[in-house]
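Shown next: final07.cif, containing mmCIF, C-alpha atoms and all ligand atoms.
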```cif
data_run
#
loop_
_atom_site.label_atom_id
_atom_site.label_comp_id
_atom_site.auth_asym_id
_atom_site.auth_seq_id
_atom_site.Cartn_x
_atom_site.Cartn_y
_atom_site.Cartn_z
CA MET I 173 -10.03 69.80 -37.55
CA PHE I 174 -13.29 68.70 -35.92
CA ASN I 175 -13.40 65.79 -33.47
CA LEU I 176 -16.77 64.37 -32.52
CA VAL I 177 -17.73 61.68 -30.01
CA LEU I 178 -21.00 59.90 -30.67
CA PHE I 179 -22.13 58.67 -27.29
CA GLY I 180 -25.03 56.47 -26.20
CA PRO I 181 -26.09 53.04 -24.96
CA PRO I 182 -26.05 49.88 -27.10
CA GLY I 183 -28.62 50.23 -29.87
CA SER I 184 -29.01 54.00 -29.55
CA GLY I 185 -28.07 54.52 -33.21
CA LYS I 186 -24.38 55.46 -33.01
CA GLY I 187 -23.39 53.32 -35.99
CA THR I 188 -26.42 54.32 -38.07
CA GLN I 189 -25.89 58.04 -37.54
CA SER I 190 -22.09 57.79 -37.93
CA ALA I 191 -22.56 56.61 -41.51
CA ASN I 192 -24.59 59.76 -42.35
CA ILE I 193 -22.24 62.13 -40.51
CA ILE I 194 -19.11 60.74 -42.18
CA GLU I 195 -20.65 61.20 -45.58
CA LYS I 196 -21.75 64.78 -44.95
CA TYR I 197 -18.71 66.09 -43.06
CA LYS I 198 -15.96 63.82 -44.47
CA LEU I 199 -14.72 62.70 -41.08
CA VAL I 200 -12.77 59.49 -40.42
CA HIS I 201 -14.89 56.91 -38.59
CA ILE I 202 -13.32 55.13 -35.63
CA SER I 203 -15.65 52.46 -34.25
CA THR I 204 -14.03 50.28 -31.61
CA GLY I 205 -16.83 47.72 -32.00
CA ASP I 206 -16.11 47.39 -35.76
CA ILE I 207 -12.34 47.19 -35.19
CA LEU I 208 -12.80 44.50 -32.54
CA ARG I 209 -15.26 42.48 -34.68
CA ASN I 210 -12.74 42.59 -37.52
CA GLU I 211 -10.02 41.26 -35.19
CA VAL I 212 -12.40 38.51 -34.01
CA SER I 213 -13.26 37.45 -37.57
CA GLN I 214 -9.56 37.29 -38.48
CA GLU I 215 -8.88 35.27 -35.31
CA THR I 216 -5.93 37.48 -34.34
CA PRO I 217 -4.57 37.13 -30.77
CA LEU I 218 -6.28 40.45 -29.89
CA GLY I 219 -9.55 39.21 -31.44
CA LEU I 220 -9.45 35.89 -29.60
CA GLU I 221 -8.90 37.72 -26.30
CA ALA I 222 -11.60 40.35 -27.03
CA LYS I 223 -14.18 37.71 -28.03
CA LYS I 224 -14.30 36.36 -24.47
CA TYR I 225 -15.57 39.74 -23.25
CA MET I 226 -17.77 40.63 -26.22
CA ASP I 227 -19.69 37.34 -26.14
CA GLN I 228 -20.70 38.11 -22.56
CA GLY I 229 -21.58 41.73 -23.22
CA ALA I 230 -18.67 42.91 -21.08
CA LEU I 231 -16.27 45.70 -21.97
CA VAL I 232 -12.86 44.75 -23.39
CA PRO I 233 -10.05 45.97 -21.06
CA ASP I 234 -9.15 49.65 -21.39
CA GLU I 235 -5.50 49.12 -22.30
CA VAL I 236 -6.45 47.00 -25.35
CA VAL I 237 -8.92 49.56 -26.72
CA ILE I 238 -6.78 52.61 -25.98
CA GLY I 239 -3.86 51.02 -27.87
CA MET I 240 -6.12 50.47 -30.89
CA ILE I 241 -7.21 54.13 -30.91
CA SER I 242 -3.67 55.40 -30.68
CA SER I 243 -2.73 53.36 -33.78
CA LYS I 244 -5.77 54.65 -35.71
CA LEU I 245 -4.87 58.28 -34.97
CA ASP I 246 -1.31 57.68 -36.15
CA GLU I 247 -2.56 56.03 -39.37
CA ASN I 248 -4.59 59.18 -40.27
CA PRO I 249 -2.41 62.28 -39.79
CA GLU I 250 -4.03 64.52 -42.45
CA VAL I 251 -7.81 64.46 -41.98
CA ASN I 252 -10.76 66.83 -41.43
CA GLY I 253 -11.41 65.16 -38.11
CA PHE I 254 -12.57 61.96 -36.46
CA ILE I 255 -15.89 60.59 -35.32
CA PHE I 256 -15.47 58.29 -32.34
CA ASP I 257 -18.27 55.70 -32.20
CA GLY I 258 -18.43 53.41 -29.15
CA PHE I 259 -15.33 55.02 -27.66
CA PRO I 260 -14.64 56.24 -25.00
CA ARG I 261 -16.71 53.86 -22.87
CA THR I 262 -15.04 54.38 -19.49
CA VAL I 263 -13.72 57.49 -17.78
CA ALA I 264 -10.20 56.03 -18.09
CA GLN I 265 -10.70 55.79 -21.87
CA ALA I 266 -12.01 59.39 -22.00
CA ASP I 267 -8.98 60.59 -20.09
CA ALA I 268 -6.61 58.64 -22.35
CA LEU I 269 -8.33 60.04 -25.46
CA ASP I 270 -7.93 63.60 -24.17
CA ASN I 271 -4.22 62.95 -23.62
CA LEU I 272 -3.76 61.46 -27.10
CA LEU I 273 -5.58 64.39 -28.74
CA ASP I 274 -3.97 67.11 -26.60
CA PHE I 275 -0.60 65.75 -27.70
CA ARG I 276 -1.75 66.29 -31.32
CA GLN I 277 -3.27 69.71 -30.41
CA ASN I 278 -6.70 68.67 -31.73
CA PRO I 279 -9.04 68.14 -28.79
CA ILE I 280 -12.59 66.77 -28.78
CA ASN I 281 -14.90 69.58 -29.95
CA LEU I 282 -18.31 68.03 -29.30
CA VAL I 283 -19.98 65.00 -27.72
CA LEU I 284 -23.46 64.14 -28.97
CA SER I 285 -25.33 61.89 -26.57
CA LEU I 286 -28.24 59.89 -28.00
CA LYS I 287 -31.12 59.40 -25.55
CA VAL I 288 -33.28 56.31 -26.14
CA SER I 289 -35.55 54.45 -23.70
CA GLU I 290 -34.38 51.05 -22.47
CA GLU I 291 -37.42 49.29 -23.93
CA GLU I 292 -36.69 50.74 -27.39
CA LEU I 293 -32.99 49.77 -27.12
CA LYS I 294 -33.86 46.15 -26.34
CA ASN I 295 -36.46 45.99 -29.13
CA ARG I 296 -33.99 47.37 -31.69
CA LEU I 297 -31.19 44.99 -30.72
CA ILE I 298 -33.43 41.92 -30.52
CA SER I 299 -34.81 42.75 -34.00
CA ARG I 300 -31.31 43.23 -35.37
CA GLY I 301 -30.17 39.96 -33.76
CA GLN I 302 -32.77 38.07 -35.79
CA VAL I 303 -31.01 39.06 -39.02
CA SER I 304 -27.47 40.27 -38.23
CA GLY I 305 -25.86 37.14 -36.84
CA ARG I 306 -24.09 39.36 -34.27
CA SER I 307 -23.30 37.01 -31.41
CA ASP I 308 -23.98 39.72 -28.79
CA ASP I 309 -27.50 40.53 -30.03
CA THR I 310 -29.21 37.86 -27.91
CA GLU I 311 -31.60 38.78 -25.11
CA GLU I 312 -29.27 37.65 -22.31
CA VAL I 313 -26.20 39.43 -23.70
CA ILE I 314 -28.19 42.59 -24.51
CA VAL I 315 -29.21 42.82 -20.83
CA ASN I 316 -25.52 42.56 -19.82
CA ARG I 317 -24.46 45.17 -22.38
CA ILE I 318 -27.01 47.63 -21.00
CA LYS I 319 -25.93 46.83 -17.39
CA GLU I 320 -22.30 47.41 -18.34
CA TYR I 321 -23.32 50.71 -19.94
CA HIS I 322 -24.97 51.95 -16.72
CA ALA I 323 -22.10 50.77 -14.51
CA LYS I 324 -19.08 51.91 -16.53
CA THR I 325 -20.07 54.04 -19.51
CA SER I 326 -22.73 56.48 -18.30
CA PRO I 327 -20.14 58.31 -16.08
CA VAL I 328 -18.40 59.32 -19.33
CA ALA I 329 -21.36 61.65 -20.01
CA ASP I 330 -20.68 63.44 -16.69
CA TYR I 331 -16.99 63.66 -17.63
CA TYR I 332 -17.82 65.56 -20.82
CA GLN I 333 -20.65 67.53 -19.22
CA SER I 334 -18.17 68.91 -16.69
CA LYS I 335 -16.06 70.09 -19.65
CA GLN I 336 -19.18 71.63 -21.29
CA LYS I 337 -18.79 69.49 -24.40
CA LEU I 338 -21.95 67.37 -24.13
CA THR I 339 -25.19 67.94 -26.04
CA GLU I 340 -28.11 65.54 -25.69
CA ILE I 341 -30.10 64.49 -28.75
CA LYS I 342 -33.44 62.66 -28.71
CA GLY I 343 -32.51 59.34 -30.32
CA GLU I 344 -36.07 58.12 -31.01
CA GLY I 345 -37.99 58.93 -34.16
CA SER I 346 -36.93 58.67 -37.78
CA VAL I 347 -33.23 58.27 -38.63
CA GLU I 348 -33.55 61.37 -40.86
CA ASP I 349 -35.04 63.59 -38.12
CA ILE I 350 -32.36 62.51 -35.64
CA PHE I 351 -29.66 63.19 -38.25
CA ARG I 352 -31.07 66.67 -38.88
CA ALA I 353 -31.04 67.43 -35.14
CA MET I 354 -27.41 66.31 -34.94
CA CYS I 355 -26.38 68.38 -37.96
CA SER I 356 -27.92 71.51 -36.52
CA VAL I 357 -25.59 71.19 -33.52
CA ILE I 358 -22.51 70.18 -35.56
CA ASP I 359 -23.05 73.12 -37.92
CA THR I 360 -22.50 75.56 -35.07
CA PHE I 361 -18.93 74.19 -34.80
CA ILE I 362 -17.92 73.81 -38.45
P1 LIG Y 1 -20.28 48.13 -30.24
O1 LIG Y 1 -20.15 47.55 -31.57
O2 LIG Y 1 -19.76 49.50 -30.00
O3 LIG Y 1 -21.78 47.98 -29.86
P2 LIG Y 1 -22.77 48.85 -28.97
O4 LIG Y 1 -22.31 50.13 -28.40
O5 LIG Y 1 -23.29 47.85 -28.01
O6 LIG Y 1 -23.73 49.40 -29.97
P3 LIG Y 1 -24.36 48.88 -31.26
O7 LIG Y 1 -23.40 48.91 -32.36
O8 LIG Y 1 -25.05 47.59 -31.02
O9 LIG Y 1 -25.46 50.01 -31.36
P4 LIG Y 1 -25.39 51.47 -31.96
O10 LIG Y 1 -25.60 52.50 -30.91
O11 LIG Y 1 -24.23 51.63 -32.88
O12 LIG Y 1 -26.74 51.41 -32.76
P5 LIG Y 1 -26.95 51.02 -34.31
O13 LIG Y 1 -26.83 52.21 -35.16
O14 LIG Y 1 -26.14 49.81 -34.63
O15 LIG Y 1 -19.57 47.19 -29.14
C1 LIG Y 1 -19.74 45.79 -29.14
C2 LIG Y 1 -18.85 45.20 -28.05
O16 LIG Y 1 -17.45 45.49 -28.34
C3 LIG Y 1 -19.06 45.76 -26.64
O17 LIG Y 1 -20.10 45.09 -25.96
C4 LIG Y 1 -17.68 45.50 -25.99
O18 LIG Y 1 -17.52 44.17 -25.63
C5 LIG Y 1 -16.73 45.79 -27.14
N1 LIG Y 1 -16.31 47.20 -27.20
C6 LIG Y 1 -16.54 48.07 -28.21
N2 LIG Y 1 -16.01 49.26 -27.94
C7 LIG Y 1 -15.42 49.15 -26.72
C8 LIG Y 1 -14.72 50.07 -25.89
N3 LIG Y 1 -14.54 51.35 -26.25
N4 LIG Y 1 -14.25 49.61 -24.70
C9 LIG Y 1 -14.44 48.33 -24.32
N5 LIG Y 1 -15.10 47.41 -25.06
C10 LIG Y 1 -15.59 47.83 -26.26
O19 LIG Y 1 -28.51 50.65 -34.26
C11 LIG Y 1 -28.97 49.50 -33.61
C12 LIG Y 1 -30.21 48.98 -34.36
O20 LIG Y 1 -31.23 49.95 -34.27
C13 LIG Y 1 -29.95 48.74 -35.86
O21 LIG Y 1 -30.66 47.62 -36.27
C14 LIG Y 1 -30.51 50.02 -36.51
O22 LIG Y 1 -30.96 49.81 -37.82
C15 LIG Y 1 -31.65 50.38 -35.58
N6 LIG Y 1 -31.89 51.82 -35.50
C16 LIG Y 1 -30.97 52.83 -35.50
N7 LIG Y 1 -31.57 54.03 -35.41
C17 LIG Y 1 -32.92 53.78 -35.36
C18 LIG Y 1 -34.07 54.60 -35.28
N8 LIG Y 1 -33.98 55.94 -35.20
N9 LIG Y 1 -35.29 54.01 -35.21
C19 LIG Y 1 -35.41 52.66 -35.28
N10 LIG Y 1 -34.34 51.81 -35.37
C20 LIG Y 1 -33.12 52.37 -35.42
#
```
Whole structure, C-alpha cells version:
Amino acid sequence: MFNLVLFGPPGSGKGTQSANIIEKYKLVHISTGDILRNEVSQETPLGLEAKKYMDQGALVPDEVVIGMISSKLDENPEVNGFIFDGFPRTVAQADALDNLLDFRQNPINLVLSLKVSEEELKNRLISRGQVSGRSDDTEEVIVNRIKEYHAKTSPVADYYQSKQKLTEIKGEGSVEDIFRAMCSVIDTFI
C-alpha cells in the first residue's frame, strides 16, 4: 500500500498531476474539492453548507471534510493506495488523517509539495476561470484562496517536514517534466 499526499497552493497543478499519477500507479484519487463540488451540484445539505465557504474562497470546516475522508477510506478497503489531492489543508486535518490511517496500519508514505510562484498561480486560475465556469476562479476569490492557503494550509508542509515525509517539486514548466520529476521520487518508494 502506498499513500501519497499531493500538496500545494490553489492552481499549483495538484489535479492535473493527480490524473497522471493515478493512471501510472493505479491509486485511488481522493480530491476533497471534487467531492465538495459534486455535493454542491447535487444540492445536498452538505453541498449547500459548503458552497457558502467555497464561493468566498474560504476553507470548509474541518469536521465536514474529515468525515468525508473517513467515508472514502471505508468505501475502498482493497486498494494499492490513495492519492490525497487538496487534503489535508489544515494541521487538524493532517492530524486526523494520520489517526485514520494509523488505525488501518497504512500511514502516509510521501508528501509531494508543488512550488509555483504566486503570479503564475493567479495567471493559471484566471485563465481557467475564463473557460471552466468554476465559481471560485474569479480574481477576488482567487486572492482569498491564496490568503487562506498562507494562513491555514502552509503550516501543513511544516507538519510533514517534521516527520521527514515532505519532498518539494518545482511546479513550473511543462506538465510532462513535472510529472517525470514526481515519478522519480515516487519510484524510490514503490
Ligand atoms: P480545490 O478544488 O481543492 O481547489 P484548489 O486547491 O484551490 O486547487 P485547484 O483545483 O484550483 O488547483 P490545483 O492545484 O488542483 O491545480 P490544477 O491542476 O487544477 O478546492 C476548492 C475549494 O473547496 C476550496 O477553496 C475550499 O473551499 C474547499 N475545499 C477543498 N478541499 C478542502 C479541504 N481539505 N478543507 C477545507 N476546504 C476544502 O491546475 C490549475 C490550472 O493550471 C488548470 O487550468 C491547469 O490546466 C493549469 N496547469 C496545471 N499545471 C500546469 C503547468 N505545469 N503549466 C501551466 N498550466 C498548468
Tell me, counting all atoms listed in the file, for each residue of chain I within 6 Å of ligand LIG 1 (chain Y), which pair of atoms is nearest and how far apart they are in Å to one decimal, in rows ordered by chain and increasing number, as a Markdown table.
```
| residue | atom | partner | partner_atom | distance |
| --- | --- | --- | --- | --- |
| I:Pro181 | CA | Y:LIG1 | O4 | 5.9 |
| I:Pro182 | CA | Y:LIG1 | O5 | 3.5 |
| I:Gly183 | CA | Y:LIG1 | O9 | 3.5 |
| I:Ser184 | CA | Y:LIG1 | O10 | 4.0 |
| I:Gly185 | CA | Y:LIG1 | O13 | 3.3 |
| I:Lys186 | CA | Y:LIG1 | O10 | 3.8 |
| I:Gly187 | CA | Y:LIG1 | O11 | 3.6 |
| I:Thr188 | CA | Y:LIG1 | O13 | 3.6 |
| I:Thr204 | CA | Y:LIG1 | N2 | 4.3 |
| I:Gly205 | CA | Y:LIG1 | O1 | 3.4 |
| I:Asp206 | CA | Y:LIG1 | O1 | 5.8 |
| I:Tyr225 | CA | Y:LIG1 | O18 | 5.4 |
| I:Met226 | CA | Y:LIG1 | O18 | 3.6 |
| I:Gly229 | CA | Y:LIG1 | O17 | 4.6 |
| I:Ala230 | CA | Y:LIG1 | O18 | 4.9 |
| I:Leu231 | CA | Y:LIG1 | N5 | 3.7 |
| I:Val232 | CA | Y:LIG1 | N5 | 3.9 |
| I:Pro233 | CA | Y:LIG1 | C9 | 6.0 |
| I:Val237 | CA | Y:LIG1 | N4 | 5.7 |
| I:Gly258 | CA | Y:LIG1 | O2 | 4.2 |
| I:Phe259 | CA | Y:LIG1 | N3 | 4.0 |
| I:Pro260 | CA | Y:LIG1 | N3 | 5.0 |
| I:Arg261 | CA | Y:LIG1 | N3 | 4.7 |
| I:Arg296 | CA | Y:LIG1 | O20 | 4.6 |
| I:Leu297 | CA | Y:LIG1 | C12 | 5.5 |
| I:Arg300 | CA | Y:LIG1 | O21 | 4.5 |
| I:Arg317 | CA | Y:LIG1 | O17 | 5.6 |
| I:Glu344 | CA | Y:LIG1 | N8 | 5.2 |
| I:Gly345 | CA | Y:LIG1 | N8 | 5.1 |
| I:Ser346 | CA | Y:LIG1 | N8 | 4.8 |
| I:Val347 | CA | Y:LIG1 | N8 | 4.2 |
```
**OP:** Please provide as a list in words all residues within 12 Å of Ile350 of chain I, with the sequence filter that same-chain residues fewer than 2 positions apart are discarded (counting only C-alpha atoms).
**Re:** Ser184, Gly185, Lys186, Thr188, Gln189, Ser190, Asn192, Ile193, Leu284, Ser285, Leu286, Lys287, Val288, Glu340, Ile341, Lys342, Gly343, Glu344, Gly345, Ser346, Val347, Glu348, Arg352, Ala353, Met354, Cys355, Ser356 and Val357 of chain I
**OP:** Counting only C-alpha atoms, note down every residue that has an atom within 12 Å of the point (-31.2, 41.3, -29.7) (file coordinates), as an MDAnalysis selection string.
**Re:** chainID I and resid 182:183 229 291:318
**OP:** Quick one: pull the distance between atom CA of Leu282 of chain I and atom CA of Asn210 of chain I, Å, one decimal.
**Re:**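 Atom CA of Asn210 of chain I lies at a distance of 27.3 Å from atom CA of Leu282 of chain I.
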8 Å per side around segment 200-214 of chain I: axis-aligned box centre and edge lengths, as JSON:
```
{"center_x": -13.2, "center_y": 48.4, "center_z": -36.0, "size_x": 23.3, "size_y": 38.2, "size_z": 24.8}
```
Original post:
From the set I:Phe179, I:Phe254, I:Phe351, I:Tyr331, which residue has the shortest atom-to-atom contact distance to Asn281 of chain I, counting all atoms listed in the file?
Top reply: I:Phe254
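Note that atom CA of Glu247 of chain I and atom CA of Met173 of chain I are 15.8 Å apart.
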**OP:** Please identify all polymer residues within 9 Å of Val283 of chain I, counting only C-alpha atoms, omitting same-chain residues fewer than 6 positions from it, and present them as a list in words.
**Re:**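 Close residues of Val283 of chain I: Asn175, Leu176, Val177, Leu178, Phe179, Ala329, Tyr332, Gln333, Lys337, Leu338, Thr339 and Glu340 of chain I.
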Original post:
Which residue, I:Ser289, I:Ser213, I:Thr325, I:Gln228, has the smallest gap to Ala266 of chain I when you use all atoms listed in the file?
Top reply: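 For Ala266 of chain I, the nearest of the given residues is I:Thr325.
Taking atom CA of Glu320 of chain I as the reference point, atom CA of Leu245 of chain I is found at 26.4 Å.
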**OP:** Could you tell me which of I:Ile202, I:Val236, I:Val263, I:Ile207 comes closest to Asn248 of chain I if we count all atoms listed in the file?
**Re:**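 Closest to Asn248 of chain I of all the choices is I:Ile202.
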Subject >> Selected residue of minimal separation from Ile362 of chain I among I:Ser334, I:Asn252, I:Ile238, I:Lys224, counting only C-alpha atoms >> reply: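 Nearest to Ile362 of chain I: I:Asn252.
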Subject >> Nearest-residue call for Lys324 of chain I, choices I:Asp257, I:His201, I:Glu215, I:Thr262, using all atoms listed in the file >> reply: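 Using all atoms listed in the file, Lys324 of chain I sits closest to I:Thr262.
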Subject >> Among the residues I:Lys244, I:Lys319, I:Ile358, I:Asp330, the one that comes closest to Leu273 of chain I [using only C-alpha atoms] >> reply: I:Lys244
